[in-house]
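Peer 1: Sharing protein-v6.txt below, compact mmCIF, C-alpha atoms and all ligand atoms:
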```
# COMPACT_ATOMS: atom_id res chain seq x y z
CA MET A 19 -14.21 49.61 88.31
CA ASN A 20 -12.45 46.34 88.78
CA PHE A 21 -8.72 47.07 89.17
CA SER A 22 -6.02 44.46 89.37
CA PRO A 23 -3.73 44.31 92.40
CA ARG A 24 -0.78 46.68 92.24
CA TRP A 25 1.79 43.90 91.83
CA THR A 26 0.16 42.80 88.55
CA LEU A 27 0.64 46.28 87.19
CA ALA A 28 4.24 46.39 88.41
CA LEU A 29 5.08 43.10 86.70
CA LEU A 30 3.37 44.28 83.55
CA ALA A 31 5.31 47.54 83.64
CA ALA A 32 8.63 45.71 84.06
CA SER A 33 7.99 43.51 81.03
CA LEU A 34 6.75 46.41 78.92
CA VAL A 35 9.86 48.49 79.73
CA THR A 36 12.10 45.61 78.61
CA ALA A 37 10.19 45.22 75.36
CA ALA A 38 10.41 48.91 74.56
CA SER A 39 13.98 49.69 75.60
CA ALA A 40 15.57 49.09 72.20
CA GLN A 41 13.37 51.64 70.46
CA ASP A 42 12.29 55.24 70.63
CA LYS A 43 10.05 55.72 73.62
CA VAL A 44 7.10 56.71 71.49
CA LEU A 45 3.93 55.20 70.10
CA ASN A 46 1.77 56.75 67.37
CA LEU A 47 -1.83 55.79 67.95
CA TYR A 48 -4.57 56.33 65.36
CA SER A 49 -7.83 56.05 67.27
CA ALA A 50 -11.52 56.12 66.48
CA ARG A 51 -12.14 56.25 70.24
CA HIS A 52 -12.20 59.48 72.22
CA TYR A 53 -13.21 58.92 75.81
CA GLN A 54 -11.80 60.65 78.85
CA THR A 55 -11.38 57.33 80.61
CA ASP A 56 -9.10 56.20 77.77
CA GLU A 57 -6.81 59.17 78.52
CA VAL A 58 -6.28 58.03 82.12
CA MET A 59 -5.36 54.59 80.83
CA TYR A 60 -2.90 56.01 78.26
CA ASP A 61 -1.26 58.14 80.96
CA THR A 62 -0.74 55.01 83.06
CA PHE A 63 0.85 53.26 80.09
CA THR A 64 3.25 56.18 79.60
CA ARG A 65 4.05 56.43 83.31
CA THR A 66 4.84 52.73 83.67
CA THR A 67 6.72 52.21 80.38
CA GLY A 68 8.15 55.63 79.55
CA ILE A 69 6.56 55.29 76.09
CA LYS A 70 4.91 58.54 75.06
CA ILE A 71 1.66 58.23 73.10
CA ASN A 72 0.99 60.60 70.18
CA ARG A 73 -2.65 60.31 69.31
CA VAL A 74 -4.47 61.04 66.07
CA ASP A 75 -8.25 61.06 66.55
CA ALA A 76 -10.66 60.62 63.66
CA ASP A 77 -13.70 58.54 62.88
CA ASP A 78 -13.25 55.02 61.50
CA ALA A 79 -13.52 56.04 57.84
CA GLY A 80 -11.18 59.00 58.38
CA ILE A 81 -8.51 56.78 59.92
CA VAL A 82 -8.69 54.24 57.10
CA ALA A 83 -8.52 57.02 54.48
CA ARG A 84 -5.51 58.56 56.20
CA LEU A 85 -3.63 55.24 56.41
CA ARG A 86 -4.25 54.62 52.70
CA THR A 87 -3.03 58.09 51.73
CA GLU A 88 0.08 57.88 53.90
CA GLY A 89 1.06 54.42 52.67
CA ALA A 90 4.54 53.27 53.69
CA ALA A 91 5.31 56.74 55.07
CA SER A 92 2.56 56.43 57.69
CA PRO A 93 3.76 57.08 61.24
CA ALA A 94 0.90 54.97 62.66
CA ASP A 95 1.95 52.19 65.03
CA VAL A 96 -1.41 51.07 66.47
CA VAL A 97 -4.81 51.53 64.85
CA MET A 98 -8.02 51.39 66.92
CA LEU A 99 -11.32 50.90 65.13
CA VAL A 100 -14.87 50.06 66.15
CA ASP A 101 -16.70 47.01 64.75
CA ALA A 102 -15.22 43.76 63.43
CA ALA A 103 -16.50 44.56 59.94
CA ARG A 104 -14.45 47.76 59.80
CA LEU A 105 -11.38 46.02 61.24
CA ALA A 106 -11.71 43.22 58.69
CA ALA A 107 -12.17 45.70 55.83
CA ALA A 108 -9.05 47.64 56.85
CA ASP A 109 -7.20 44.33 57.17
CA ALA A 110 -8.28 43.33 53.65
CA LEU A 111 -6.80 46.63 52.40
CA GLY A 112 -3.44 45.52 53.84
CA LEU A 113 -3.33 48.26 56.48
CA PHE A 114 -2.37 45.94 59.37
CA GLN A 115 0.42 43.48 60.10
CA PRO A 116 0.19 40.15 61.92
CA ILE A 117 1.76 39.88 65.36
CA LYS A 118 2.55 36.99 67.66
CA SER A 119 1.77 37.47 71.33
CA ALA A 120 1.34 34.70 73.86
CA THR A 121 -0.23 37.29 76.19
CA LEU A 122 -2.97 38.14 73.70
CA ASP A 123 -3.44 34.49 72.72
CA ARG A 124 -4.03 33.67 76.37
CA ALA A 125 -6.21 36.67 77.24
CA ILE A 126 -8.56 37.21 74.29
CA PRO A 127 -10.97 34.54 72.99
CA SER A 128 -10.08 33.64 69.41
CA ASN A 129 -13.61 34.38 68.13
CA LEU A 130 -12.96 38.07 68.98
CA ARG A 131 -9.82 38.23 66.79
CA ALA A 132 -8.81 37.96 63.15
CA ALA A 133 -8.18 34.43 61.93
CA ALA A 134 -4.73 33.20 62.96
CA THR A 135 -2.17 32.54 60.21
CA PRO A 136 1.39 31.16 60.53
CA GLU A 137 2.55 34.83 60.65
CA GLY A 138 0.27 35.59 63.59
CA VAL A 139 -2.96 37.55 64.11
CA THR A 140 -3.75 41.05 62.77
CA TRP A 141 -6.69 42.65 64.65
CA THR A 142 -7.77 41.90 68.22
CA GLY A 143 -10.98 42.87 70.02
CA PHE A 144 -10.48 44.63 73.37
CA SER A 145 -14.09 45.25 74.36
CA THR A 146 -17.46 43.85 73.38
CA ARG A 147 -20.95 45.24 72.92
CA ALA A 148 -24.16 43.31 72.37
CA ARG A 149 -26.77 44.10 69.71
CA VAL A 150 -30.04 43.91 71.61
CA VAL A 151 -33.75 44.47 71.08
CA VAL A 152 -35.62 47.32 72.77
CA TYR A 153 -39.41 47.31 72.75
CA ASP A 154 -42.45 49.16 74.02
CA PRO A 155 -44.14 46.87 76.60
CA ALA A 156 -47.47 48.61 75.92
CA ARG A 157 -47.48 47.41 72.29
CA VAL A 158 -45.21 44.36 72.10
CA LYS A 159 -45.01 41.21 74.21
CA ALA A 160 -41.58 40.07 75.44
CA GLN A 161 -42.18 36.55 74.09
CA ASP A 162 -42.72 37.97 70.58
CA VAL A 163 -39.24 39.54 70.48
CA ALA A 164 -37.19 36.84 72.19
CA THR A 165 -35.13 36.14 69.05
CA TYR A 166 -33.71 38.05 66.08
CA GLU A 167 -35.61 35.64 63.86
CA GLN A 168 -38.95 36.79 65.36
CA LEU A 169 -38.34 40.38 64.24
CA ALA A 170 -39.39 39.23 60.76
CA ASP A 171 -42.66 37.70 62.02
CA PRO A 172 -45.76 39.39 60.49
CA LYS A 173 -47.00 39.82 64.10
CA LEU A 174 -44.66 42.82 64.29
CA LYS A 175 -45.92 44.46 61.09
CA GLY A 176 -45.57 48.26 61.19
CA LEU A 177 -43.62 48.18 64.45
CA LEU A 178 -39.92 47.72 63.61
CA CYS A 179 -37.35 50.55 63.45
CA THR A 180 -33.65 50.26 62.65
CA ARG A 181 -30.82 52.43 61.47
CA SER A 182 -29.59 51.77 57.91
CA GLY A 183 -29.24 48.09 57.05
CA SER A 184 -25.83 48.88 55.52
CA HIS A 185 -24.40 50.23 58.76
CA PRO A 186 -21.59 47.94 59.98
CA TYR A 187 -23.49 47.15 63.21
CA ASN A 188 -26.44 45.81 61.25
CA LEU A 189 -24.33 44.19 58.54
CA SER A 190 -22.45 42.23 61.21
CA LEU A 191 -25.62 41.10 62.96
CA PHE A 192 -27.36 40.21 59.69
CA SER A 193 -24.29 38.24 58.58
CA THR A 194 -24.55 35.99 61.62
CA VAL A 195 -28.28 35.42 61.13
CA VAL A 196 -27.70 34.57 57.45
CA ASP A 197 -24.88 32.28 58.53
CA ARG A 198 -27.30 30.45 60.80
CA LEU A 199 -30.35 30.35 58.53
CA GLY A 200 -28.58 29.80 55.20
CA ASP A 201 -28.78 32.15 52.20
CA GLN A 202 -32.36 31.51 51.15
CA ARG A 203 -34.00 31.72 54.57
CA GLY A 204 -31.61 34.50 55.54
CA GLU A 205 -32.72 36.68 52.64
CA ALA A 206 -36.38 35.90 53.40
CA TRP A 207 -35.70 37.03 56.97
CA LEU A 208 -34.27 40.34 55.75
CA LYS A 209 -37.33 40.79 53.53
CA GLY A 210 -39.50 40.13 56.60
CA LEU A 211 -37.70 42.92 58.49
CA VAL A 212 -38.39 45.35 55.64
CA ASP A 213 -42.07 44.30 55.60
CA ASN A 214 -42.33 45.03 59.34
CA MET A 215 -40.80 48.54 59.23
CA ALA A 216 -42.65 51.35 60.98
CA ARG A 217 -40.65 53.85 58.90
CA ALA A 218 -37.72 53.89 56.46
CA PRO A 219 -34.41 53.28 58.26
CA LYS A 220 -32.84 56.49 59.55
CA GLY A 221 -30.77 57.88 62.41
CA GLY A 222 -28.45 56.10 64.82
CA ASP A 223 -29.19 53.52 67.51
CA THR A 224 -30.09 56.15 70.13
CA ASP A 225 -32.69 57.58 67.73
CA GLN A 226 -34.31 54.14 67.51
CA ILE A 227 -34.53 53.88 71.32
CA ARG A 228 -36.08 57.36 71.50
CA ALA A 229 -38.54 56.47 68.72
CA VAL A 230 -39.72 53.42 70.68
CA ALA A 231 -40.17 55.59 73.78
CA SER A 232 -42.13 58.20 71.81
CA GLY A 233 -44.46 55.58 70.33
CA GLU A 234 -43.33 55.99 66.70
CA CYS A 235 -41.88 52.45 66.79
CA GLY A 236 -42.76 49.36 68.80
CA VAL A 237 -39.45 47.52 68.59
CA ALA A 238 -35.90 48.39 67.54
CA LEU A 239 -32.28 47.24 67.53
CA THR A 240 -29.49 48.94 69.45
CA ASN A 241 -26.01 48.34 70.72
CA THR A 242 -25.99 47.98 74.51
CA TYR A 243 -23.77 51.01 75.18
CA TYR A 244 -26.27 53.44 73.62
CA MET A 245 -28.95 52.15 75.97
CA ALA A 246 -26.50 52.18 78.91
CA ARG A 247 -25.63 55.82 78.15
CA LEU A 248 -29.30 56.75 78.52
CA VAL A 249 -29.76 54.54 81.60
CA GLY A 250 -26.74 56.12 83.29
CA SER A 251 -27.41 59.67 82.05
CA ASP A 252 -27.63 62.52 84.52
CA LYS A 253 -30.42 64.06 82.44
CA ALA A 254 -33.90 63.20 83.72
CA GLU A 255 -35.32 63.24 80.16
CA ASP A 256 -32.86 60.50 79.09
CA ARG A 257 -33.85 58.31 82.01
CA ALA A 258 -37.50 58.97 81.21
CA VAL A 259 -36.83 57.44 77.76
CA THR A 260 -35.40 54.27 79.29
CA ASP A 261 -38.35 53.98 81.68
CA LYS A 262 -40.65 53.57 78.67
CA VAL A 263 -38.74 50.75 76.96
CA ARG A 264 -37.63 47.22 77.82
CA VAL A 265 -34.41 45.48 76.75
CA VAL A 266 -34.18 41.90 75.47
CA PHE A 267 -30.95 39.99 74.94
CA PRO A 268 -32.13 37.92 71.97
CA ASN A 269 -31.62 34.22 71.30
CA GLN A 270 -30.81 33.32 74.92
CA ALA A 271 -32.52 29.94 74.54
CA THR A 272 -30.91 29.27 71.14
CA SER A 273 -27.78 30.65 69.45
CA GLY A 274 -26.98 33.49 71.88
CA THR A 275 -26.95 37.28 71.54
CA HIS A 276 -24.83 38.85 68.81
CA VAL A 277 -21.78 40.74 70.09
CA ASN A 278 -19.32 42.92 68.23
CA ILE A 279 -16.02 44.49 69.28
CA ALA A 280 -13.93 47.60 69.44
CA GLY A 281 -10.41 46.52 68.64
CA ALA A 282 -6.91 47.36 67.56
CA ALA A 283 -4.12 46.20 65.28
CA VAL A 284 -0.47 47.01 64.65
CA ALA A 285 -0.22 49.20 61.54
CA ARG A 286 1.38 47.68 58.44
CA HIS A 287 4.24 50.19 58.39
CA ALA A 288 4.66 50.63 62.17
CA LYS A 289 8.07 52.14 62.98
CA ASN A 290 7.75 51.29 66.69
CA ARG A 291 6.60 47.71 66.41
CA GLU A 292 7.74 46.51 69.85
CA ASN A 293 6.04 49.47 71.53
CA ALA A 294 2.91 48.73 69.53
CA ILE A 295 2.81 45.12 70.70
CA ALA A 296 3.51 46.24 74.28
CA PHE A 297 0.54 48.62 74.03
CA MET A 298 -1.74 45.90 72.63
CA GLU A 299 -0.73 43.64 75.53
CA PHE A 300 -1.35 46.49 77.97
CA LEU A 301 -4.91 46.84 76.61
CA ALA A 302 -5.49 43.19 77.54
CA SER A 303 -4.44 43.74 81.18
CA THR A 304 -7.17 43.64 83.81
CA TYR A 305 -6.31 47.24 84.66
CA ALA A 306 -6.76 48.57 81.12
CA GLN A 307 -9.82 46.45 80.41
CA GLY A 308 -11.71 48.36 83.11
CA TYR A 309 -11.03 51.68 81.42
CA PHE A 310 -11.25 50.52 77.84
CA ALA A 311 -14.61 48.79 78.20
CA ASN A 312 -16.14 51.06 80.84
CA GLY A 313 -15.25 54.26 78.99
CA ASN A 314 -17.98 53.43 76.50
CA ASN A 315 -20.22 51.25 78.72
CA GLU A 316 -18.91 48.08 77.06
CA TYR A 317 -18.10 44.60 78.33
CA ALA A 318 -14.56 43.28 78.79
CA ALA A 319 -13.07 41.13 76.03
CA VAL A 320 -10.64 39.36 78.33
CA ARG A 321 -11.88 36.11 79.80
CA GLY A 322 -12.93 36.37 83.42
CA VAL A 323 -12.67 40.17 83.70
CA LYS A 324 -15.83 41.76 85.12
CA ILE A 325 -16.70 45.39 84.42
CA ASP A 326 -18.39 47.05 87.38
CA ASN A 327 -20.75 49.39 85.51
CA PRO A 328 -24.05 50.33 87.19
CA ALA A 329 -25.86 51.09 83.89
CA LEU A 330 -24.88 47.74 82.38
CA LYS A 331 -25.83 46.03 85.62
CA ALA A 332 -29.26 47.69 85.50
CA MET A 333 -29.63 46.20 82.01
CA GLY A 334 -29.03 42.68 83.30
CA GLY A 335 -25.25 42.45 83.69
CA ASP A 336 -22.79 40.61 81.49
CA SER A 337 -23.67 36.97 82.11
CA PHE A 338 -25.90 36.58 79.03
CA LYS A 339 -25.29 33.84 76.47
CA VAL A 340 -23.10 35.13 73.63
CA GLU A 341 -23.35 33.99 70.03
CA ASN A 342 -20.40 31.76 69.21
CA ILE A 343 -19.53 32.66 65.62
CA PRO A 344 -15.99 33.91 64.85
CA LEU A 345 -16.21 37.63 64.02
CA ALA A 346 -13.65 37.12 61.27
CA ALA A 347 -16.12 34.80 59.50
CA VAL A 348 -18.94 37.31 60.05
CA ALA A 349 -16.93 40.03 58.37
CA LYS A 350 -16.40 37.82 55.32
CA ASN A 351 -20.17 37.49 54.77
CA GLN A 352 -20.82 41.20 54.43
CA VAL A 353 -20.62 41.71 50.68
CA LYS A 354 -23.16 38.93 50.19
CA VAL A 355 -25.47 40.37 52.84
CA GLN A 356 -25.24 43.86 51.31
CA GLN A 357 -26.38 42.36 47.98
CA MET A 358 -29.31 40.72 49.77
CA LEU A 359 -30.23 44.08 51.35
CA ASP A 360 -30.22 45.69 47.91
CA ARG A 361 -32.52 42.94 46.56
CA VAL A 362 -35.07 43.17 49.39
CA GLY A 363 -35.03 46.99 49.41
CA TYR A 364 -33.50 47.43 52.89
CA LYS A 365 -32.04 50.94 52.77
FE FE A 401 -21.51 53.14 68.04
```
Please go through the file and, once you have read it, give me the structure as structure tokens.
Ligand code: FE

Peer 2:
Amino acid sequence: MNFSPRWTLALLAASLVTAASAQDKVLNLYSARHYQTDEVMYDTFTRTTGIKINRVDADDAGIVARLRTEGAASPADVVMLVDAARLAAADALGLFQPIKSATLDRAIPSNLRAAATPEGVTWTGFSTRARVVVYDPARVKAQDVATYEQLADPKLKGLLCTRSGSHPYNLSLFSTVVDRLGDQRGEAWLKGLVDNMARAPKGGDTDQIRAVASGECGVALTNTYYMARLVGSDKAEDRAVTDKVRVVFPNQATSGTHVNIAGAAVARHAKNRENAIAFMEFLASTYAQGYFANGNNEYAAVRGVKIDNPALKAMGGDSFKVENIPLAAVAKNQVKVQQMLDRVGYK
């Protein structure tokens, strides 16, 4: 892992302590993440700031439901969710509040955050993951799957596998393709994907990778961390799966590969607002980025921070060309794209 020098951490700790001193030394964190490496990072935050973290773990939908039920009485200070679409949906429900932070403005590219308003910014991405193509080199040529657009080419008829089109990971990707192609060509592209399916959409991303390895599918879509998990697995049968498939970072010669985020926001009714902002700024430190991103085999969100992860390195590293569409705009497209999926019969 790529740790910052100790003095950076000391300076950070000093500023965080100042920010938190006027309040209770506590932070209530609602998190859809549950990785052991995150725990080490949280302990460091507590040790350097004196702010104790109380964590509520649930999946993304569970956290959103809980925040809605609790309303103004919610003890949540920071909310962590996975996928820009989910963050944007929670934001649209009024579950977050905008914050102003020069540290976050400086550290995190604006396309990985909610749109800025005069009040500030609500959600912020703290790690990124790419949505890539995996294929069976025995059945599919690399040059036939170099772009997302090519996945709808009749050449790939009967070969494509994906999880549900309505899953946030696919909705976000499809939204950017529709954004690029326009509504008419975008919907035709989605129809082309349906026409190329080897089977009805089912399972998660890992299931698609396994189905390519087993020969049921010739090409599939997955987030990079699912592939990295198999690449870095200590089980020989997982590594055998990855030996049978190849990874393509699509659209390298054109618009760039689609990336999404895991991110966080200060809860609408946060009682420990200063602590919450201090925690958000801590997540953007070089130190925390290593844990936050690496805990799930993700890439750093902060400019210039490199994650030293052997599995990701084996998949080609993090220097690929990234699609340059603001994730906030992507999230806005999703209702329209879901309607398109319904029309073309993409389950
Ligand atoms: Fe996932």

Peer 1: What does the list of residues within 9 Å of ligand FE 401 (chain A) look like if you count only C-alpha atoms and all ligand atoms, written as number ranges by chain?

Peer 2: A: 100-101, 187, 222-223, 241, 243-244

Peer 1: In Å, with one decimal, what is the gap from atom CA of A:Ala254 to atom CA of A:Asn315?

Peer 2: 18.8 Å

Peer 1: Could you check the closest approach to A:Arg264 for each of A:His52, A:Lys354, A:Arg157, A:Lys118 and tell me which residue wins, using all atoms listed in the file?

Peer 2: A:Arg157

Peer 1: For A:Pro328, find every residue with an atom within 10 Å (counting only C-alpha atoms), except residues of its own chain fewer than 6 positions away, and show them as a PyMOL selection string.

Peer 2: chain A and resi 19+246+249-250+315+334-335

Peer 1: What's around A:Asp109 at 12 Å? Count all atoms listed in the file, leave out sequence neighbours fewer than 3 positions away in its own chain, and write the answer as an mmCIF file with C-alpha atoms, in the coordinates of the input.

Peer 2:
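Dumped to part-v2.cif:
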```cif
data_model
loop_
_atom_site.group_PDB
_atom_site.id
_atom_site.type_symbol
_atom_site.label_atom_id
_atom_site.label_comp_id
_atom_site.auth_asym_id
_atom_site.auth_seq_id
_atom_site.Cartn_x
_atom_site.Cartn_y
_atom_site.Cartn_z
ATOM 1 C CA VAL A 82 -8.690 54.240 57.100
ATOM 2 C CA LEU A 85 -3.630 55.240 56.410
ATOM 3 C CA ARG A 86 -4.250 54.620 52.700
ATOM 4 C CA VAL A 97 -4.810 51.530 64.850
ATOM 5 C CA LEU A 99 -11.320 50.900 65.130
ATOM 6 C CA ALA A 102 -15.220 43.760 63.430
ATOM 7 C CA ALA A 103 -16.500 44.560 59.940
ATOM 8 C CA ARG A 104 -14.450 47.760 59.800
ATOM 9 C CA LEU A 105 -11.380 46.020 61.240
ATOM 10 C CA ALA A 106 -11.710 43.220 58.690
ATOM 11 C CA GLY A 112 -3.440 45.520 53.840
ATOM 12 C CA LEU A 113 -3.330 48.260 56.480
ATOM 13 C CA PHE A 114 -2.370 45.940 59.370
ATOM 14 C CA GLN A 115 0.420 43.480 60.100
ATOM 15 C CA PRO A 116 0.190 40.150 61.920
ATOM 16 C CA ARG A 131 -9.820 38.230 66.790
ATOM 17 C CA ALA A 132 -8.810 37.960 63.150
ATOM 18 C CA ALA A 133 -8.180 34.430 61.930
ATOM 19 C CA VAL A 139 -2.960 37.550 64.110
ATOM 20 C CA THR A 140 -3.750 41.050 62.770
ATOM 21 C CA TRP A 141 -6.690 42.650 64.650
ATOM 22 C CA THR A 142 -7.770 41.900 68.220
ATOM 23 C CA ALA A 282 -6.910 47.360 67.560
ATOM 24 C CA ALA A 283 -4.120 46.200 65.280
ATOM 25 C CA VAL A 284 -0.470 47.010 64.650
ATOM 26 C CA ALA A 285 -0.220 49.200 61.540
ATOM 27 C CA ARG A 286 1.380 47.680 58.440
ATOM 28 C CA ALA A 346 -13.650 37.120 61.270
ATOM 29 C CA ALA A 349 -16.930 40.030 58.370
ATOM 30 C CA LYS A 350 -16.400 37.820 55.320
#
```

Peer 1: Which residue out of A:Thr275, A:Ala206, A:Pro219, A:Leu359 has the minimum interatomic distance to A:Ser337 when all atoms listed in the file are used?

Peer 2: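 Residue with the minimum atom-to-atom distance to A:Ser337: A:Thr275.
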
Peer 1: List the spatial neighbours of A:His276 as number ranges by chain - criterion: any atom at most 12 Å away, all atoms listed in the file, same-chain residues fewer than 4 positions off excluded.

Peer 2: A: 130, 146-151, 165-166, 187-195, 198, 239-242, 266-270, 272, 338-345, 348

Peer 1: Please compute the atom CA of A:Lys70-atom CA of A:Val44 distance, one decimal, in Å.

Peer 2: 4.6 Å

Peer 1: Looking at A:Gly281, A:Gly200, A:Gly233, A:Gly313, which one is nearest to A:Ile126, with distances taken over only C-alpha atoms?

Peer 2: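 Of A:Gly281, A:Gly200, A:Gly233, A:Gly313, the one nearest A:Ile126 is A:Gly281, counting only C-alpha atoms.
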
Peer 1: By how many Å are atom CA of A:Leu178 and atom CA of A:Val158 apart?

Peer 2: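 Taking atom CA of A:Leu178 and atom CA of A:Val158, their separation equals 10.6 Å.
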